[in-house]
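Visitor: Next comes protein.txt, compact mmCIF, C-alpha atoms:
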```
# COMPACT_ATOMS: atom_id res chain seq x y z
CA MET L 1 -9.84 -10.18 -26.63
CA ASN L 2 -13.51 -9.58 -26.22
CA THR L 3 -13.10 -6.72 -23.77
CA LYS L 4 -15.40 -4.41 -25.76
CA GLU L 5 -18.35 -6.64 -25.00
CA GLN L 6 -18.11 -5.84 -21.28
CA SER L 7 -20.40 -3.02 -20.20
CA PHE L 8 -19.48 -0.56 -17.47
CA ASN L 9 -20.97 -1.69 -14.18
CA PRO L 10 -19.72 -0.04 -10.97
CA ARG L 11 -21.91 -2.15 -8.67
CA GLY L 12 -19.36 -4.85 -7.74
CA PRO L 13 -16.48 -2.45 -6.92
CA ILE L 14 -18.82 -0.21 -4.90
CA ILE L 15 -19.98 -3.18 -2.80
CA VAL L 16 -16.33 -4.16 -2.12
CA PHE L 17 -15.52 -0.53 -1.26
CA SER L 18 -18.45 -0.38 1.20
CA ALA L 19 -17.18 -3.55 2.88
CA LEU L 20 -13.70 -1.98 3.16
CA ILE L 21 -15.10 1.19 4.76
CA PHE L 22 -17.21 -0.90 7.14
CA LEU L 23 -14.12 -2.88 8.23
CA THR L 24 -12.11 0.34 8.64
CA ILE L 25 -14.73 1.86 10.95
CA ALA L 26 -15.07 -1.48 12.79
CA THR L 27 -11.33 -1.72 13.44
CA VAL L 28 -11.18 1.87 14.74
CA LEU L 29 -14.11 1.23 17.10
CA LEU L 30 -12.68 -2.13 18.24
CA SER L 31 -9.32 -0.49 19.01
CA GLY L 32 -11.08 1.46 21.76
CA LEU L 33 -11.90 -1.74 23.66
CA ASP L 34 -9.75 -2.60 26.64
CA ILE L 35 -8.84 -6.17 25.78
CA GLY L 36 -5.12 -6.19 26.41
CA ASN L 37 -2.21 -5.81 24.08
CA THR L 38 -2.16 -9.21 22.37
CA GLY L 39 -5.91 -9.26 21.81
CA ALA L 40 -5.95 -5.75 20.33
CA LEU L 41 -3.04 -6.54 18.02
CA LEU L 42 -4.66 -9.79 16.94
CA ILE L 43 -7.99 -8.13 16.13
CA ALA L 44 -6.36 -5.20 14.30
CA MET L 45 -4.20 -7.53 12.19
CA SER L 46 -7.10 -9.89 11.41
CA VAL L 47 -9.25 -7.02 10.16
CA ALA L 48 -6.29 -5.67 8.13
CA ALA L 49 -5.79 -9.12 6.59
CA MET L 50 -9.48 -9.26 5.63
CA LYS L 51 -9.26 -5.82 4.01
CA ALA L 52 -6.06 -6.75 2.16
CA GLY L 53 -7.77 -9.95 0.97
CA LEU L 54 -10.70 -7.97 -0.45
CA VAL L 55 -8.37 -5.58 -2.29
CA LEU L 56 -6.21 -8.40 -3.65
CA TYR L 57 -9.08 -10.64 -4.69
CA PHE L 58 -11.49 -8.12 -6.19
CA PHE L 59 -9.65 -4.85 -6.94
CA MET L 60 -6.51 -6.61 -8.17
CA HIS L 61 -8.72 -9.03 -10.11
CA LEU L 62 -7.29 -12.24 -8.69
CA ASN L 63 -10.85 -13.57 -8.99
CA HIS L 64 -10.49 -13.36 -12.79
CA GLU L 65 -6.92 -14.63 -12.98
CA PRO L 66 -5.85 -18.18 -13.89
CA LEU L 67 -5.02 -20.58 -11.07
CA ILE L 68 -1.27 -20.08 -11.56
CA PHE L 69 -1.61 -16.39 -10.48
CA LYS L 70 -3.47 -17.37 -7.33
CA LEU L 71 -0.81 -19.97 -6.51
CA PHE L 72 2.02 -17.46 -7.04
CA VAL L 73 0.41 -14.82 -4.85
CA THR L 74 -0.29 -17.42 -2.13
CA LEU L 75 3.33 -18.59 -2.34
CA ALA L 76 4.56 -14.99 -1.99
CA PHE L 77 2.52 -14.44 1.17
CA VAL L 78 3.50 -17.85 2.59
CA THR L 79 7.16 -16.90 2.03
CA LEU L 80 6.63 -13.60 3.84
CA ALA L 81 4.80 -15.37 6.70
CA THR L 82 7.69 -17.86 6.99
CA LEU L 83 10.20 -15.01 7.29
CA PHE L 84 8.05 -13.43 10.02
CA LEU L 85 7.66 -16.70 11.88
CA LEU L 86 11.37 -17.58 11.78
CA THR L 87 12.53 -14.10 12.81
CA PHE L 88 10.03 -13.67 15.64
CA SER L 89 10.56 -17.18 17.01
CA ASP L 90 14.32 -16.54 16.98
CA TYR L 91 13.96 -13.25 18.89
CA ALA L 92 11.46 -14.74 21.32
CA PHE L 93 14.08 -17.23 22.55
CA ARG L 94 16.96 -14.78 22.73
CA GLY L 95 15.31 -12.84 25.50
CA ILE L 96 16.76 -9.53 24.27
CA ALA L 97 14.62 -8.76 21.26
CA MET Z 1 5.94 -12.40 -49.01
CA SER Z 2 3.49 -14.18 -46.75
CA GLU Z 3 6.36 -15.75 -44.86
CA GLN Z 4 7.73 -12.31 -44.11
CA ALA Z 5 4.33 -11.20 -42.84
CA VAL Z 6 4.27 -14.16 -40.46
CA THR Z 7 7.72 -13.24 -39.13
CA VAL Z 8 6.67 -9.64 -38.49
CA GLU Z 9 3.53 -10.89 -36.77
CA ALA Z 10 5.58 -13.17 -34.53
CA PHE Z 11 7.96 -10.34 -33.68
CA HIS Z 12 5.11 -8.12 -32.53
CA HIS Z 13 3.53 -10.87 -30.51
CA HIS Z 14 2.58 -9.56 -27.10
CA ASP Z 15 1.69 -11.86 -24.23
CA GLU Z 16 -0.58 -9.92 -21.91
CA ASP Z 17 -0.81 -12.75 -19.34
CA GLY Z 18 2.97 -13.09 -19.21
CA THR Z 19 3.42 -9.33 -18.83
CA ARG Z 20 0.95 -9.24 -15.97
CA LEU Z 21 2.57 -12.21 -14.25
CA GLY Z 22 5.93 -10.46 -14.55
CA PHE Z 23 4.43 -7.37 -12.97
CA TRP Z 24 3.11 -9.45 -10.07
CA LEU Z 25 6.67 -10.73 -9.55
CA PHE Z 26 7.79 -7.11 -9.19
CA LEU Z 27 4.97 -6.54 -6.69
CA PHE Z 28 6.30 -9.50 -4.64
CA THR Z 29 9.65 -7.70 -4.31
CA GLU Z 30 7.73 -4.69 -2.96
CA LEU Z 31 6.08 -6.99 -0.43
CA LEU Z 32 9.51 -8.16 0.72
CA LEU Z 33 10.77 -4.58 1.00
CA PHE Z 34 7.92 -3.57 3.29
CA GLY Z 35 7.91 -7.02 4.92
CA ALA Z 36 11.42 -6.32 6.23
CA PHE Z 37 10.20 -3.02 7.74
CA PHE Z 38 7.31 -4.83 9.41
CA ILE Z 39 9.72 -7.39 10.91
CA VAL Z 40 11.90 -4.61 12.36
CA TYR Z 41 8.76 -2.92 13.73
CA GLY Z 42 7.56 -6.19 15.27
CA VAL Z 43 10.86 -6.99 16.98
CA TYR Z 44 11.33 -3.50 18.45
CA ARG Z 45 7.68 -3.23 19.44
CA SER Z 46 7.93 -6.40 21.50
CA ALA Z 47 11.15 -5.11 23.08
CA HIS Z 48 9.79 -1.63 23.90
CA LEU Z 49 6.06 -2.23 24.19
CA ASN Z 50 5.28 0.62 26.59
CA ASP Z 51 7.38 3.20 24.77
CA PHE Z 52 5.72 2.23 21.47
CA LYS Z 53 2.29 2.69 23.02
CA ILE Z 54 3.14 6.07 24.55
CA ALA Z 55 4.64 7.32 21.27
CA ALA Z 56 1.73 5.97 19.21
CA GLU Z 57 -0.68 8.01 21.34
CA SER Z 58 0.85 11.15 19.85
CA LEU Z 59 -0.43 10.13 16.40
CA ASN Z 60 -3.93 11.33 15.54
CA THR Z 61 -6.29 8.39 14.89
CA GLY Z 62 -8.76 10.71 13.11
CA ILE Z 63 -6.13 11.77 10.57
CA GLY Z 64 -5.03 8.17 10.08
CA THR Z 65 -8.61 7.00 9.52
CA THR Z 66 -9.31 9.85 7.08
CA ASN Z 67 -6.22 8.97 5.07
CA THR Z 68 -7.22 5.28 5.06
CA ILE Z 69 -10.66 6.12 3.67
CA ILE Z 70 -9.09 8.43 1.05
CA LEU Z 71 -6.75 5.66 -0.15
CA LEU Z 72 -9.58 3.09 -0.25
CA ALA Z 73 -11.68 5.52 -2.28
CA SER Z 74 -8.77 6.05 -4.68
CA SER Z 75 -8.55 2.28 -5.15
CA LEU Z 76 -12.26 2.25 -6.02
CA THR Z 77 -11.89 5.01 -8.65
CA MET Z 78 -8.85 3.20 -10.06
CA VAL Z 79 -10.89 0.01 -10.57
CA LEU Z 80 -13.71 2.06 -12.12
CA SER Z 81 -11.23 3.70 -14.50
CA LEU Z 82 -10.07 0.29 -15.76
CA ASN Z 83 -13.64 -1.03 -16.01
CA ALA Z 84 -14.68 2.10 -17.92
CA ILE Z 85 -11.90 1.85 -20.51
CA LYS Z 86 -12.59 -1.85 -21.03
CA ALA Z 87 -16.23 -0.94 -21.69
CA GLY Z 88 -15.12 1.64 -24.25
CA ARG Z 89 -15.98 4.64 -22.04
CA VAL Z 90 -12.66 6.44 -22.52
CA LYS Z 91 -13.81 9.82 -21.19
CA LEU Z 92 -15.13 8.25 -17.98
CA ALA Z 93 -11.87 6.31 -17.61
CA LYS Z 94 -9.89 9.56 -17.84
CA SER Z 95 -12.08 11.31 -15.25
CA MET Z 96 -11.78 8.37 -12.85
CA LEU Z 97 -7.99 8.38 -13.27
CA LEU Z 98 -7.87 12.12 -12.52
CA ILE Z 99 -9.96 11.61 -9.37
CA THR Z 100 -7.58 8.81 -8.30
CA MET Z 101 -4.60 11.16 -8.75
CA ALA Z 102 -6.39 13.89 -6.82
CA LEU Z 103 -7.14 11.51 -3.94
CA GLY Z 104 -3.51 10.33 -3.88
CA THR Z 105 -2.37 13.96 -3.74
CA THR Z 106 -4.84 14.71 -0.93
CA PHE Z 107 -3.38 11.77 1.01
CA LEU Z 108 0.12 13.26 0.59
CA ILE Z 109 -0.97 16.75 1.66
CA ILE Z 110 -2.59 15.39 4.84
CA LYS Z 111 0.52 13.28 5.49
CA GLY Z 112 2.63 16.42 4.99
CA PHE Z 113 0.68 18.32 7.66
CA GLU Z 114 1.02 15.36 9.98
CA TRP Z 115 4.78 15.15 9.49
CA ASN Z 116 5.08 18.90 9.87
CA ALA Z 117 3.54 18.70 13.34
CA LYS Z 118 6.14 16.07 14.24
CA PHE Z 119 8.98 18.22 12.85
CA ALA Z 120 7.72 21.07 15.02
CA HIS Z 121 8.15 18.81 18.03
CA HIS Z 122 11.72 18.00 16.90
CA LEU Z 123 10.86 14.39 16.29
CA PHE Z 124 12.38 13.99 12.86
CA LEU Z 125 15.22 11.54 12.21
CA GLN Z 126 18.65 12.99 12.81
CA THR Z 127 22.08 12.09 11.58
CA SER Z 128 24.66 11.12 14.15
CA ALA Z 129 26.82 13.94 12.72
CA ALA Z 130 24.18 16.56 13.64
CA ILE Z 131 23.91 15.07 17.10
CA ALA Z 132 27.72 15.05 17.50
CA GLU Z 133 27.87 18.75 16.52
CA GLY Z 134 25.24 19.53 19.12
CA LYS Z 135 22.73 20.56 16.45
CA GLY Z 136 20.38 17.69 17.11
CA SER Z 137 17.05 17.89 18.85
CA PRO Z 138 17.44 17.49 22.62
CA LEU Z 139 14.66 14.90 22.46
CA LEU Z 140 16.79 12.65 20.28
CA THR Z 141 20.27 13.49 21.57
CA PRO Z 142 21.64 11.35 24.39
CA GLY Z 143 21.32 13.40 27.55
CA PRO Z 144 18.86 14.18 30.34
CA GLU Z 145 16.10 15.36 27.99
CA MET Z 146 16.35 12.48 25.57
CA LEU Z 147 13.28 10.40 24.83
CA PRO Z 148 13.50 6.74 25.88
CA ASP Z 149 15.13 4.51 23.24
CA GLY Z 150 11.82 2.82 22.45
CA GLN Z 151 10.15 6.10 21.51
CA VAL Z 152 13.11 7.20 19.40
CA LEU Z 153 12.84 3.87 17.57
CA PHE Z 154 9.08 4.31 17.14
CA TYR Z 155 9.42 7.74 15.52
CA GLY Z 156 12.34 6.56 13.40
CA LEU Z 157 10.31 3.62 12.07
CA TYR Z 158 7.27 5.86 11.64
CA PHE Z 159 9.15 8.26 9.38
CA ILE Z 160 10.95 5.51 7.44
CA MET Z 161 7.86 3.37 6.84
CA THR Z 162 5.32 6.11 6.09
CA GLY Z 163 8.03 7.93 4.10
CA THR Z 164 8.75 4.91 1.90
CA HIS Z 165 5.01 4.47 1.49
CA ALA Z 166 4.58 8.13 0.53
CA LEU Z 167 7.36 7.73 -2.05
CA HIS Z 168 5.31 4.94 -3.60
CA ILE Z 169 2.25 7.21 -3.66
CA ILE Z 170 4.29 9.86 -5.49
CA ILE Z 171 5.54 7.29 -8.03
CA GLY Z 172 1.98 5.99 -8.50
CA ALA Z 173 0.58 9.50 -9.04
CA VAL Z 174 3.30 10.38 -11.58
CA TRP Z 175 2.70 7.08 -13.38
CA MET Z 176 -1.04 7.89 -13.51
CA GLY Z 177 -0.21 11.24 -15.10
CA ILE Z 178 1.77 9.46 -17.83
CA VAL Z 179 -1.05 6.92 -18.31
CA TYR Z 180 -3.55 9.78 -18.58
CA PHE Z 181 -1.44 11.35 -21.32
CA TRP Z 182 -1.28 8.02 -23.19
CA ILE Z 183 -5.05 7.54 -22.94
CA ALA Z 184 -5.52 11.06 -24.31
CA LYS Z 185 -3.11 10.22 -27.16
CA GLY Z 186 -4.97 6.97 -27.82
CA SER Z 187 -2.06 4.56 -27.29
CA ILE Z 188 -3.93 3.20 -24.27
CA ASN Z 189 -7.40 2.33 -25.53
CA PRO Z 190 -10.20 -0.19 -24.93
CA ASP Z 191 -8.25 -2.86 -26.88
CA ASN Z 192 -4.93 -2.14 -25.24
CA ALA Z 193 -5.38 -1.20 -21.60
CA GLY Z 194 -2.56 -3.32 -20.12
CA VAL Z 195 -0.52 -0.33 -18.91
CA LEU Z 196 -3.52 1.14 -17.07
CA GLU Z 197 -4.18 -2.28 -15.55
CA ARG Z 198 -0.60 -2.61 -14.25
CA CYS Z 199 -0.67 0.97 -12.94
CA GLY Z 200 -3.83 -0.05 -11.08
CA LEU Z 201 -2.20 -3.19 -9.65
CA TYR Z 202 0.66 -1.04 -8.32
CA TRP Z 203 -1.76 1.47 -6.80
CA HIS Z 204 -3.76 -1.27 -5.09
CA LEU Z 205 -0.61 -2.83 -3.63
CA VAL Z 206 0.35 0.56 -2.16
CA ASP Z 207 -3.14 0.60 -0.65
CA VAL Z 208 -2.67 -2.93 0.78
CA ILE Z 209 0.57 -1.80 2.47
CA TRP Z 210 -1.22 1.19 4.01
CA ILE Z 211 -3.97 -1.16 5.26
CA PHE Z 212 -1.30 -2.76 7.48
CA LEU Z 213 0.58 0.46 8.37
CA PHE Z 214 -2.60 2.14 9.61
CA PRO Z 215 -3.44 -0.18 12.56
CA LEU Z 216 0.22 -0.62 13.56
CA TYR Z 217 0.79 3.13 13.93
CA TYR Z 218 -2.61 4.62 14.69
CA LEU Z 219 -4.68 1.96 16.41
CA VAL Z 220 -2.66 -0.29 18.72
CA ALA Z 221 -1.63 2.54 21.05
```
Transcribe the structure of this file into structure tokens.
Guide:
Amino acid sequence: MNTKEQSFNPRGPIIVFSALIFLTIATVLLSGLDIGNTGALLIAMSVAAMKAGLVLYFFMHLNHEPLIFKLFVTLAFVTLATLFLLTFSDYAFRGIA
Amino acid sequence: MSEQAVTVEAFHHHDEDGTRLGFWLFLFTELLLFGAFFIVYGVYRSAHLNDFKIAAESLNTGIGTTNTIILLASSLTMVLSLNAIKAGRVKLAKSMLLITMALGTTFLIIKGFEWNAKFAHHLFLQTSAAIAEGKGSPLLTPGPEMLPDGQVLFYGLYFIMTGTHALHIIIGAVWMGIVYFWIAKGSINPDNAGVLERCGLYWHLVDVIWIFLFPLYYLVA
């Protein structure tokens, strides 16, 4: 472990934080647009996914993790996305939701 | 003699990568827990789109945005705390951890005020027993004054999802208190900061979940 050799440098985290704040303000402003329900939901969820990506990759240090960590995290989110896709496609064709 | 020393060394072997990977596995179970909530939200939202929009209008976007910024800031101070301890700046690490706890507590206090306003409007979850005894809120009890099903579902999901999230904030803040104590005692130090790192991972995941809760409850009205 050569952790002691690292010096304290807040620059990187502060840049990521600024990007997160920017995206938060952007998503609030964009939610005021009258672009219909699906469009609004799509935009809001895309911005949220970007923010989550920034937190996962930089704040949770996936950028410094071995490849196996990145694969596991990707697999976890793919699993979750599969559950979403299967459930929603099922309900969409039942017509009752 | 030397053989014994080797055995003791092997017994105390600690695999930091393995520990962290195990902790990520736990975080995946948290994702599934909240993932199930999001599925329920998605299905009922599509079934009661208008009711969800009307009910969501009663939530204050300003409060939601403030709380989002507070949580993002707490994630920043958490990262800085870990960076500081790895650089040997123990005092700075402790201050950053305290600020993170304070921000988490601020989030909870704001959330508390927000819930309180909803309680005042009789919009809290109610047991079927209370409703059967006639003690339920008229807004949630079947009858002429009752809110449409979709809005009842919206408020129910709102309390369950933000409540489960708040529970995670409380656990995170308590854990930070313990970590702070261990840093002060010296058992968490620049050479052994794994516990602080895992506490940080947990805190960031709670932040990630809020990143998705925020637009679904406060923005897509």
Visitor: Show me as a list in words the residues that reach within 8 Å of (-0.5, -4.2, -9.4), counting all atoms listed in the file and using the file's own coordinates.
Guide: Met60 of chain L; Phe23, Trp24, Leu27, Glu197, Arg198, Cys199, Gly200, Leu201, Tyr202, Trp203, His204 and Leu205 of chain Z
Visitor: Compile the residues of chain Z that lie within 6 Å of chain L, evaluated using only C-alpha atoms, and express the compilation as an NGL selection string.
Guide: :Z and (43 or 47 or 84 or 86-87 or 201 or 208 or 211-212 or 219)
Visitor: Expressed in Å to a single decimal, how great is the separation between atom CA of Ser46 of chain Z and atom CA of Phe119 of chain Z?
Guide: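 For atom CA of Ser46 of chain Z relative to atom CA of Phe119 of chain Z, the distance reads 26.1 Å.
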Visitor: Could you check which of Z:Met78, Z:Val90, Z:Ser58, Z:Gly143 is closest to Trp115 of chain Z, using all atoms listed in the file?
Guide: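 With all atoms listed in the file as the atom set, the closest residue is Z:Ser58.
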Visitor: Suppose you want the space between atom CA of Thr105 of chain Z and atom CA of Ile170 of chain Z; what is it in Å?
Guide: 8.0 Å
Visitor: Report the distance between atom CA of Ile99 of chain Z and atom CA of Thr164 of chain Z in Å, rounded to one decimal place.
Guide: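 Taking atom CA of Ile99 of chain Z and atom CA of Thr164 of chain Z, their separation equals 22.8 Å.
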Visitor: Between Z:Thr141, Z:Leu21, Z:Gly62, Z:Ser81, which residue has the minimum interatomic distance to Val179 of chain Z, considering all atoms listed in the file?
Guide: Z:Ser81
Visitor: Taking all listed atoms of segment 51-58 of chain L, build the axis-aligned box, pad each of the six sides by 5 Å, then write its centre and edge lengths in Å to one decimal as lines of an AutoDock Vina configuration file.
Guide:
```
center_x = -8.8
center_y = -8.1
center_z = -1.1
size_x = 15.4
size_y = 15.1
size_z = 20.2
```
Visitor: Show me, as a list in words, the residues that have an atom within 12 Å of Asp51 of chain Z when counting only C-alpha atoms, minus same-chain residues fewer than 5 positions from it.
Guide: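 Near Asp51 of chain Z, the qualifying residues are Tyr44, Arg45, Ser46, Ala56, Glu57, Ser58, Leu147, Pro148, Asp149, Gly150, Gln151, Val152, Leu153, Phe154, Tyr155 and Ala221 of chain Z.
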Visitor: Neighbours of Phe159 of chain Z within 8 Å (all atoms listed in the file; same-chain residues fewer than 3 positions away dropped), as a VMD selection string?
Guide: chain Z and resid 124 to 125 155 to 156 162 to 163
Visitor: Select, from Z:Gly22, Z:Leu213, Z:Trp182, Z:Asp207, the residue with the minimum atom-to-atom distance to Ser74 of chain Z, counting all atoms listed in the file.
Guide: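 Closest to Ser74 of chain Z, using all atoms listed in the file: Z:Asp207.
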Visitor: Could you check the closest approach to Gly64 of chain Z for each of Z:Trp210, Z:Phe38, Z:Tyr218, Z:Phe181 and tell me which residue wins, using all atoms listed in the file?
Guide: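 The shortest atom-to-atom distance to Gly64 of chain Z comes from Z:Tyr218.
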Visitor: For Ala26 of chain L, which residue out of Z:Pro144, Z:Gly194, Z:Pro215, Z:Gly35 is the nearest one, using all atoms listed in the file?
Guide: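 The answer is Z:Pro215, which sits nearest to Ala26 of chain L.
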Visitor: Counting all atoms listed in the file, which of Z:Leu157, Z:Ala184, Z:Ile169, Z:Met176 gets nearest to Thr106 of chain Z?
Guide: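 That would be Z:Ile169, the residue with the smallest distance to Thr106 of chain Z.
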